[in-house]
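Printed here is data-v2.txt (compact mmCIF, C-alpha atoms):
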```txt
# COMPACT_ATOMS: atom_id res chain seq x y z
CA MET M 24 -15.44 11.17 -2.84
CA ALA M 25 -14.90 13.04 0.43
CA HIS M 26 -12.55 11.78 3.15
CA ARG M 27 -14.34 9.57 5.67
CA PRO M 28 -12.82 9.64 9.18
CA LEU M 29 -12.46 6.56 11.32
CA PRO M 30 -15.74 5.46 12.97
CA ALA M 31 -16.38 7.11 16.33
CA ASP M 32 -16.12 3.84 18.25
CA ASN M 33 -12.51 3.52 17.10
CA GLN M 34 -11.43 6.93 18.35
CA SER M 35 -11.56 6.39 22.12
CA LEU M 36 -9.50 3.24 22.57
CA ALA M 37 -7.36 3.07 25.68
CA PRO M 38 -3.62 2.89 24.91
CA ALA M 39 -3.40 -0.75 26.04
CA ALA M 40 -6.23 -1.74 23.66
CA ARG M 41 -4.75 -0.06 20.64
CA PRO M 42 -3.07 -2.06 17.88
CA THR M 43 0.43 -1.11 16.81
CA VAL M 44 1.37 0.09 13.33
CA ALA M 45 5.05 0.28 12.39
CA LEU M 46 5.77 3.25 10.12
CA ALA M 47 8.80 3.66 7.87
CA MET M 48 9.95 7.05 6.64
CA GLY M 49 10.31 7.08 2.85
CA ASP M 50 12.58 8.88 0.43
CA PRO M 51 14.11 11.98 2.09
CA ALA M 52 14.51 13.90 -1.17
CA GLY M 53 10.76 13.99 -1.84
CA ILE M 54 7.63 14.77 0.13
CA SER M 55 7.88 11.77 2.47
CA PRO M 56 9.36 13.66 5.48
CA GLU M 57 6.66 16.32 5.47
CA LEU M 58 3.91 13.73 4.99
CA MET M 59 5.16 11.73 7.97
CA ALA M 60 5.35 14.87 10.11
CA LYS M 61 1.78 15.81 9.19
CA ALA M 62 0.51 12.28 9.80
CA LEU M 63 1.98 12.19 13.31
CA CYS M 64 -0.11 15.25 14.17
CA LEU M 65 -3.44 13.60 13.28
CA ASP M 66 -5.34 13.06 16.53
CA ASP M 67 -7.71 10.43 15.13
CA LEU M 68 -4.81 8.35 13.82
CA ARG M 69 -2.85 8.58 17.07
CA GLN M 70 -5.94 7.47 19.00
CA ALA M 71 -6.66 4.59 16.62
CA ALA M 72 -3.24 2.96 16.84
CA ARG M 73 0.03 3.00 18.68
CA LEU M 74 2.48 4.36 16.11
CA VAL M 75 6.12 3.29 16.06
CA VAL M 76 8.11 5.22 13.45
CA PHE M 77 11.52 4.26 12.08
CA GLY M 78 13.74 6.97 10.63
CA ASP M 79 16.06 9.79 11.60
CA ARG M 80 14.84 12.51 13.93
CA ARG M 81 16.71 15.17 11.94
CA VAL M 82 14.91 14.19 8.72
CA LEU M 83 11.56 14.30 10.52
CA ALA M 84 12.41 17.74 11.92
CA ALA M 85 13.24 18.98 8.43
CA GLY M 86 9.93 17.64 7.14
CA ALA M 87 8.03 19.21 10.04
CA ALA M 88 9.63 22.58 9.30
CA VAL M 89 8.53 22.36 5.66
CA ALA M 90 5.00 21.31 6.67
CA GLY M 91 4.73 23.92 9.43
CA VAL M 92 3.82 21.38 12.12
CA SER M 93 5.30 20.22 15.44
CA PRO M 94 4.52 16.56 16.09
CA GLU M 95 4.72 15.42 19.70
CA ILE M 96 6.77 12.22 19.77
CA ALA M 97 8.62 10.02 22.22
CA VAL M 98 12.13 9.50 20.85
CA VAL M 99 14.01 6.26 21.56
CA ALA M 100 17.12 4.65 20.13
CA ASP M 101 15.70 1.13 20.39
CA PRO M 102 12.01 0.19 19.98
CA ALA M 103 12.35 -2.08 23.04
CA GLU M 104 12.77 1.09 25.11
CA ALA M 105 9.29 2.36 24.27
CA PRO M 106 6.67 1.81 26.99
CA ALA M 107 3.59 -0.04 25.74
CA ASP M 108 1.27 2.58 27.23
CA GLU M 109 2.96 5.56 25.56
CA SER M 110 0.18 7.73 24.13
CA ARG M 111 2.45 9.69 21.80
CA PRO M 112 3.90 8.23 18.61
CA VAL M 113 7.18 6.49 19.35
CA PHE M 114 10.03 7.57 17.07
CA VAL M 115 12.90 5.11 16.76
CA ASP M 116 15.84 7.34 15.84
CA LEU M 117 18.23 5.26 13.76
CA GLY M 118 20.50 8.31 13.40
CA HIS M 119 21.57 7.32 9.91
CA LEU M 120 21.04 10.40 7.72
CA ASP M 121 21.88 14.08 8.03
CA PRO M 122 19.28 15.85 5.84
CA ALA M 123 21.87 18.47 4.93
CA THR M 124 23.59 15.83 2.79
CA ILE M 125 20.47 15.31 0.62
CA ARG M 126 19.47 17.52 -2.29
CA LEU M 127 15.70 17.79 -2.60
CA GLY M 128 14.29 16.37 -5.81
CA GLU M 129 17.33 14.25 -6.64
CA VAL M 130 17.82 10.49 -6.62
CA SER M 131 20.73 9.41 -4.43
CA ARG M 132 22.22 6.26 -2.97
CA GLU M 133 22.14 7.87 0.49
CA GLY M 134 18.42 8.57 0.21
CA GLY M 135 17.78 5.04 -0.97
CA ALA M 136 19.81 3.54 1.87
CA PHE M 137 17.82 5.62 4.36
CA ALA M 138 14.48 4.30 3.03
CA VAL M 139 15.69 0.69 2.80
CA ALA M 140 16.95 0.74 6.39
CA ASN M 141 13.68 2.19 7.69
CA PHE M 142 11.56 -0.30 5.75
CA ARG M 143 13.66 -3.25 6.89
CA ALA M 144 13.49 -2.14 10.53
CA ALA M 145 9.70 -1.69 10.42
CA LEU M 146 9.19 -5.08 8.79
CA ARG M 147 11.42 -6.89 11.27
CA TYR M 148 9.70 -5.15 14.18
CA ALA M 149 6.31 -6.36 12.92
CA ALA M 150 7.61 -9.82 12.02
CA ALA M 151 8.79 -10.20 15.62
CA GLY M 152 5.20 -9.74 16.75
CA HIS M 153 5.44 -6.15 18.00
CA ALA M 154 3.13 -4.62 15.36
CA GLN M 155 0.10 -5.85 13.46
CA ALA M 156 0.68 -3.80 10.29
CA VAL M 157 3.34 -1.75 8.50
CA ALA M 158 2.92 1.46 6.51
CA PHE M 159 5.34 3.85 4.83
CA THR M 160 5.53 7.20 3.11
CA PRO M 161 6.57 7.08 -0.58
CA PHE M 162 9.79 5.43 -1.69
CA ASN M 163 11.84 6.15 -4.81
CA LYS M 164 12.70 2.78 -6.37
CA ALA M 165 15.63 4.14 -8.37
CA ALA M 166 17.28 5.45 -5.20
CA MET M 167 16.61 2.21 -3.37
CA ARG M 168 18.19 0.17 -6.16
CA LEU M 169 21.34 2.28 -5.88
CA ALA M 170 21.60 1.24 -2.24
CA HIS M 171 20.17 -2.27 -2.59
CA PRO M 172 20.66 -3.55 -6.18
CA SER M 173 18.21 -6.46 -5.80
CA TYR M 174 15.39 -4.04 -4.96
CA GLU M 175 12.97 -4.59 -7.84
CA ASP M 176 9.85 -3.41 -6.04
CA GLU M 177 8.23 -3.66 -2.63
CA ILE M 178 6.88 -7.17 -3.24
CA THR M 179 10.31 -8.59 -4.07
CA PHE M 180 11.79 -6.86 -1.01
CA LEU M 181 9.04 -8.21 1.23
CA THR M 182 9.61 -11.69 -0.15
CA GLU M 183 13.31 -11.33 0.56
CA GLU M 184 12.85 -9.97 4.08
CA LEU M 185 9.94 -12.10 5.26
CA GLY M 186 10.85 -15.33 3.51
CA ALA M 187 7.45 -15.61 1.86
CA ASN M 188 7.09 -18.03 -1.05
CA GLY M 189 3.39 -17.92 -1.93
CA PRO M 190 1.44 -15.66 -4.30
CA ALA M 191 1.54 -11.96 -3.44
CA SER M 192 -0.03 -8.92 -5.06
CA GLU M 193 -0.38 -5.17 -4.97
CA PHE M 194 -3.84 -3.71 -4.42
CA ASN M 195 -4.91 -0.16 -5.14
CA ILE M 196 -7.71 1.20 -2.99
CA LEU M 197 -9.79 4.32 -3.36
CA GLU M 198 -12.03 4.49 -0.34
CA GLY M 199 -14.49 1.62 -0.87
CA LEU M 200 -13.25 0.53 -4.31
CA TRP M 201 -10.33 -1.89 -4.76
CA ASN M 202 -8.22 -2.77 -7.78
CA ALA M 203 -6.26 -6.02 -7.90
CA ARG M 204 -4.18 -7.25 -10.82
CA VAL M 205 -2.92 -10.48 -12.28
CA THR M 206 0.42 -9.12 -13.52
CA SER M 207 2.21 -6.08 -12.19
CA HIS M 208 5.67 -4.71 -12.90
CA VAL M 209 6.39 -6.56 -16.14
CA PRO M 210 6.87 -5.36 -19.73
CA LEU M 211 3.62 -5.11 -21.66
CA ARG M 212 4.97 -7.52 -24.30
CA ASP M 213 5.08 -10.27 -21.65
CA VAL M 214 1.57 -9.82 -20.28
CA ALA M 215 -0.40 -12.19 -22.56
CA ARG M 216 1.78 -15.23 -21.85
CA LEU M 217 1.54 -14.55 -18.10
CA ILE M 218 -2.26 -14.57 -18.11
CA THR M 219 -2.92 -18.18 -17.12
CA ARG M 220 -5.90 -19.78 -15.43
CA GLU M 221 -3.83 -20.35 -12.30
CA ALA M 222 -2.65 -16.72 -12.23
CA VAL M 223 -6.19 -15.35 -12.55
CA VAL M 224 -7.51 -17.69 -9.85
CA ASN M 225 -4.62 -16.72 -7.56
CA GLY M 226 -5.42 -13.06 -8.15
CA LEU M 227 -9.03 -13.60 -7.15
CA VAL M 228 -8.13 -15.65 -4.07
CA LEU M 229 -5.65 -13.01 -2.89
CA ALA M 230 -8.10 -10.15 -3.48
CA ASP M 231 -10.92 -11.95 -1.70
CA GLY M 232 -8.73 -12.72 1.31
CA ALA M 233 -7.26 -9.23 1.59
CA MET M 234 -10.65 -7.56 1.30
CA ARG M 235 -12.19 -9.82 3.93
CA GLU M 236 -9.35 -8.88 6.27
CA ALA M 237 -10.14 -5.22 5.58
CA GLY M 238 -13.75 -5.73 6.63
CA PHE M 239 -15.68 -6.94 3.56
CA ALA M 240 -17.99 -9.85 4.39
CA ARG M 241 -18.06 -11.20 0.82
CA PRO M 242 -16.42 -8.82 -1.67
CA ARG M 243 -17.91 -8.64 -5.16
CA ILE M 244 -15.06 -8.80 -7.68
CA ALA M 245 -15.40 -7.93 -11.36
CA VAL M 246 -12.79 -9.42 -13.69
CA ALA M 247 -11.57 -7.35 -16.63
CA GLY M 248 -10.76 -8.88 -20.00
CA LEU M 249 -7.34 -8.64 -21.57
CA ASN M 250 -8.31 -7.72 -25.12
CA PRO M 251 -10.42 -4.86 -26.56
CA HIS M 252 -14.13 -5.45 -25.86
CA ALA M 253 -13.12 -8.48 -23.77
CA GLY M 254 -12.14 -10.27 -26.98
CA ASP M 255 -15.48 -9.64 -28.75
CA GLY M 256 -16.39 -13.31 -28.71
CA GLY M 257 -12.98 -14.37 -29.96
CA ASN M 258 -12.64 -11.82 -32.77
CA PHE M 259 -9.85 -9.93 -30.94
CA GLY M 260 -8.24 -12.78 -29.00
CA ARG M 261 -9.24 -15.90 -27.14
CA GLU M 262 -7.75 -15.30 -23.67
CA GLU M 263 -11.19 -14.39 -22.33
CA ILE M 264 -12.71 -17.64 -23.60
CA ASP M 265 -9.87 -20.05 -22.98
CA VAL M 266 -8.34 -18.68 -19.79
CA ILE M 267 -10.16 -15.90 -17.95
CA ALA M 268 -13.76 -17.18 -18.01
CA PRO M 269 -12.76 -20.68 -16.79
CA ALA M 270 -10.73 -19.06 -14.00
CA VAL M 271 -13.77 -17.03 -12.94
CA GLU M 272 -15.86 -20.19 -12.79
CA GLU M 273 -13.21 -21.93 -10.70
CA ALA M 274 -13.14 -19.01 -8.28
CA LYS M 275 -16.93 -19.10 -7.98
CA ALA M 276 -16.71 -22.79 -7.13
CA ARG M 277 -14.40 -21.81 -4.28
CA GLY M 278 -17.01 -19.43 -2.86
CA ILE M 279 -15.61 -16.19 -4.30
CA ALA M 280 -18.14 -13.66 -5.61
CA ALA M 281 -16.40 -13.14 -8.96
CA ASP M 282 -17.95 -12.22 -12.29
CA GLY M 283 -16.71 -11.51 -15.81
CA PRO M 284 -14.68 -11.06 -17.88
CA PHE M 285 -15.94 -7.58 -18.72
CA PRO M 286 -14.54 -5.04 -21.20
CA SER M 287 -11.85 -3.13 -19.35
CA ASP M 288 -12.93 0.24 -20.74
CA THR M 289 -16.31 0.11 -18.97
CA VAL M 290 -15.89 -2.17 -15.95
CA PHE M 291 -14.68 0.64 -13.68
CA LEU M 292 -17.78 2.69 -14.51
CA ARG M 293 -19.91 -0.17 -13.18
CA ALA M 294 -17.71 -0.62 -10.13
CA ARG M 295 -17.73 3.08 -9.30
CA ALA M 296 -21.53 3.03 -9.56
CA GLY M 297 -21.64 0.34 -6.86
CA ALA M 298 -22.09 -2.89 -8.83
CA PHE M 299 -18.75 -4.28 -7.56
CA ASP M 300 -16.38 -3.77 -4.65
CA ALA M 301 -13.26 -4.53 -6.69
CA VAL M 302 -11.93 -5.00 -10.19
CA LEU M 303 -9.28 -7.59 -11.03
CA THR M 304 -7.32 -6.28 -14.02
CA MET M 305 -4.85 -8.16 -16.18
CA TYR M 306 -1.95 -5.70 -16.09
CA HIS M 307 -0.61 -2.67 -14.24
CA ASP M 308 -1.89 0.36 -16.17
CA GLN M 309 -5.25 -1.21 -16.99
CA GLY M 310 -6.33 -0.46 -13.45
CA GLN M 311 -3.87 2.19 -12.32
CA ILE M 312 -5.03 4.75 -14.86
CA ALA M 313 -8.66 4.37 -13.86
CA MET M 314 -7.97 4.50 -10.13
CA LYS M 315 -5.67 7.50 -10.29
CA LEU M 316 -8.08 9.44 -12.48
CA MET M 317 -10.80 8.87 -9.88
CA GLY M 318 -8.70 9.98 -6.92
CA PHE M 319 -4.94 10.41 -7.28
CA ASP M 320 -4.60 12.29 -3.98
CA ARG M 321 -6.60 9.76 -1.95
CA GLY M 322 -5.50 6.38 -3.30
CA VAL M 323 -3.86 3.70 -1.17
CA THR M 324 -1.61 0.79 -2.16
CA MET M 325 -1.71 -2.40 -0.09
CA LEU M 326 0.74 -5.27 -0.47
CA GLY M 327 -1.10 -8.51 0.22
CA GLY M 328 -0.25 -12.19 0.43
CA PHE M 329 2.26 -11.75 3.26
CA ALA M 330 2.05 -12.49 6.98
CA ILE M 331 2.10 -8.74 7.59
CA PRO M 332 -0.16 -6.26 5.74
CA VAL M 333 1.83 -3.36 4.29
CA LEU M 334 0.25 -0.09 3.10
CA THR M 335 1.35 3.18 1.53
CA PRO M 336 -0.13 6.11 -0.38
CA ALA M 337 -0.57 5.22 -4.05
CA HIS M 338 1.31 8.28 -5.30
CA GLY M 339 5.07 8.70 -5.52
CA THR M 340 7.72 10.92 -3.99
CA ALA M 341 6.69 14.07 -5.92
CA TYR M 342 10.21 15.45 -6.32
CA ASP M 343 8.79 18.44 -8.19
CA ILE M 344 7.06 19.83 -5.08
CA ALA M 345 9.48 18.63 -2.40
CA GLY M 346 10.25 21.33 0.16
CA LYS M 347 7.34 23.57 -0.85
CA GLY M 348 5.01 22.58 1.96
CA ILE M 349 2.09 21.85 -0.35
CA ALA M 350 2.03 18.03 -0.27
CA ASN M 351 -1.50 16.67 0.16
CA ILE M 352 -1.89 14.43 3.22
CA GLY M 353 -5.04 12.71 1.89
CA ALA M 354 -3.55 9.47 0.56
CA THR M 355 -1.14 9.11 3.48
CA ARG M 356 -3.97 9.59 5.94
CA ALA M 357 -6.07 7.00 4.11
CA ALA M 358 -3.18 4.48 4.01
CA PHE M 359 -2.32 4.86 7.68
CA GLU M 360 -5.97 4.70 8.74
CA LEU M 361 -6.54 1.50 6.78
CA ALA M 362 -3.37 0.04 8.31
CA ALA M 363 -4.78 0.87 11.76
CA LYS M 364 -8.13 -0.70 10.88
CA ILE M 365 -6.55 -3.95 9.68
CA ALA M 366 -4.18 -3.98 12.66
CA ARG M 367 -7.10 -3.55 15.05
CA LYS M 368 -8.93 -6.49 13.45
CA ARG M 369 -5.80 -8.65 13.67
CA LEU M 370 -5.24 -7.75 17.31
CA LYS M 371 -8.86 -8.57 18.14
CA GLU M 372 -8.64 -11.95 16.42
CA ALA M 373 -5.27 -12.90 17.91
```
Could I get this structure in the form of structure tokens?
Amino acid sequence: MAHRPLPADNQSLAPAARPTVALAMGDPAGISPELMAKALCLDDLRQAARLVVFGDRRVLAAGAAVAGVSPEIAVVADPAEAPADESRPVFVDLGHLDPATIRLGEVSREGGAFAVANFRAALRYAAAGHAQAVAFTPFNKAAMRLAHPSYEDEITFLTEELGANGPASEFNILEGLWNARVTSHVPLRDVARLITREAVVNGLVLADGAMREAGFARPRIAVAGLNPHAGDGGNFGREEIDVIAPAVEEAKARGIAADGPFPSDTVFLRARAGAFDAVLTMYHDQGQIAMKLMGFDRGVTMLGGFAIPVLTPAHGTAYDIAGKGIANIGATRAAFELAAKIARKRLKEA
């Protein structure tokens, strides 16, 4: 699957008509600084959205040196200082990390505190109505927990920061194909008891809503089974019969184009061939493995169910190649472009 640029009619927007995307710099010990520096040099992205970046100018400069690029930015200390018609990306310099204090490829409390502060600032900026979407370069959860012990994952942090109390989910996106899931960051031994009719229906409702916001008129969602061969008619488990199939029928009654459950070892083949726009899986690796095999360097993660859409590349901080200047921009480009697309739709509908 080759990269598809933004449509031509989205590349000539006047600055005043552009949506705003708040960007948070991720873990400074990995590839995040160089990815952000590269992203800020992408003409199509800068034309598609007004970019407001939260981080430390010194960390960005270090990333730019590694990447061999020179992004043109307008640096401010406070986002309120940035003119609305600024054509360059606005960089809000929080001045909170000297990159000389960070060892590349190593988890640290300082690196985690840097990422947490940037993420919090971007979220609060968007929550105040100044941006229509948030995106970030990869975080390291272990580092963030050192700085913020309650940091379980991005969804828990978003819930904490935005005060959300409804269902939320993580979606993985590879160009036109989406993966949603019923359970996420939980031990595998707990999955079966968490697969309830309500949870499956909630997963389908969230996926349908997020995909419609991203431009799908009526997304076609395949539902994977939990057990081998989708239970084989009850021979290998009854979750498909007692829980998943009734949930699919309930979702259909609500107007969602859902179908299944299908065996999880073949459903992605059908989706990739065009039969479905998304697959709802029952647990984390059931979908992650398939999606990353199909396009690890182009995948996007979206956090849905919140007032603000949040996106990031699906890969991690890649400590093993940090500082080598070889980080692939593909997934970051895709994440930021999708954030701009959703932000543009939200601005238009506001």
*Measuring atom to atom with all atoms listed in the file, identify which of M:Thr206, M:Gln309, M:Ser55, M:Asn188 is nearest to Pro336 in chain M.*
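Closest residue, counting all atoms listed in the file: M:Ser55.
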*Which neighbours of range 137-148 of chain M fall inside 8 Å, counting all atoms listed in the file, when residues of the same chain fewer than 2 positions from it are skipped, and could you give them as a ChimeraX atom specification?*
/M:45-51,76-78,119-120,133-135,150-154,157,159,162,167,170-171,184-185
*Rounded to one decimal in Å, what is the spacing between CA of Glu175 in chain M and CA of Leu217 in chain M?*
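Spanning CA of Glu175 in chain M to CA of Leu217 in chain M is a straight-line distance of 18.3 Å.
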*Point-to-point distance in Å for CA of Val323 in chain M and CA of Asn195 in chain M*: 5.6 Å
*Pick the closest to Ala373 in chain M from M:Gln155, M:Glu263, M:Gly91, M:Arg212: which is it, counting all atoms listed in the file?*
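Checking each of M:Gln155, M:Glu263, M:Gly91, M:Arg212 against Ala373 in chain M, counting all atoms listed in the file, the winner is M:Gln155.
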*Contacts of Gly226 in chain M at 7 Å or less, counting only C-alpha atoms, minus same-chain residues fewer than 3 places along, as a ChimeraX atom specification?*
/M:204-205,222-223,229-230
*For Ala60 in chain M, which residue among M:Pro94, M:Pro284, M:Gly186, M:Gly128 is the nearest when counting only C-alpha atoms?*
M:Pro94
*Would you mind telling me which residue in M:Ala136, M:Leu58, M:Gly189, M:Ala100 lies nearest to Ala165 in chain M when using all atoms listed in the file?*
M:Ala136
*Near-Val266 in chain M list (10 Å; all atoms listed in the file; drop same-chain fewer than 2 positions) as number ranges by chain*: M: 218-223, 261-264, 268-271
Would you compute the box with edges along x, y and z of the file around range 213-222 of chain M, including every atom the file lists for it and 4 Å extra on each side, and give its centre and edge lengths in Å to one decimal, as JSON?
```
{"center_x": -0.4, "center_y": -15.1, "center_z": -17.4, "size_x": 19.0, "size_y": 18.5, "size_z": 18.3}
```
_Ranking M:Thr124, M:Asn163, M:Thr43, M:Asn250 by minimum distance to Lys368 in chain M and counting all atoms listed in the file, which one comes first?_
M:Thr43
_Contact residues around Met234 in chain M with all atoms listed in the file at 12 Å, ignoring same-chain residues under 3 positions, as a PyMOL selection string_ = chain M and resi 194-196+199-203+227-231+237-244+279-280+300-302+325-328+332+361+365
*Distance in Å - CA of Asn351 in chain M versus CA of Thr289 in chain M*: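 Value for the CA of Asn351 in chain M-CA of Thr289 in chain M distance: 29.3 Å.
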_Just checking: using all atoms listed in the file, which residue out of M:Lys347, M:Lys61, M:Arg111, M:Arg216 ends up closest to Val75 in chain M?_
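Under the stated criterion, the closest residue is M:Arg111.
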*asked:* Need the shell around Phe319 in chain M: protein/DNA/RNA residues with any atom at most 9 Å away, counting all atoms listed in the file. Skip same-chain ones fewer than 6 positions apart. Format as a PyMOL selection string?
replied: chain M and resi 197+337-338+354
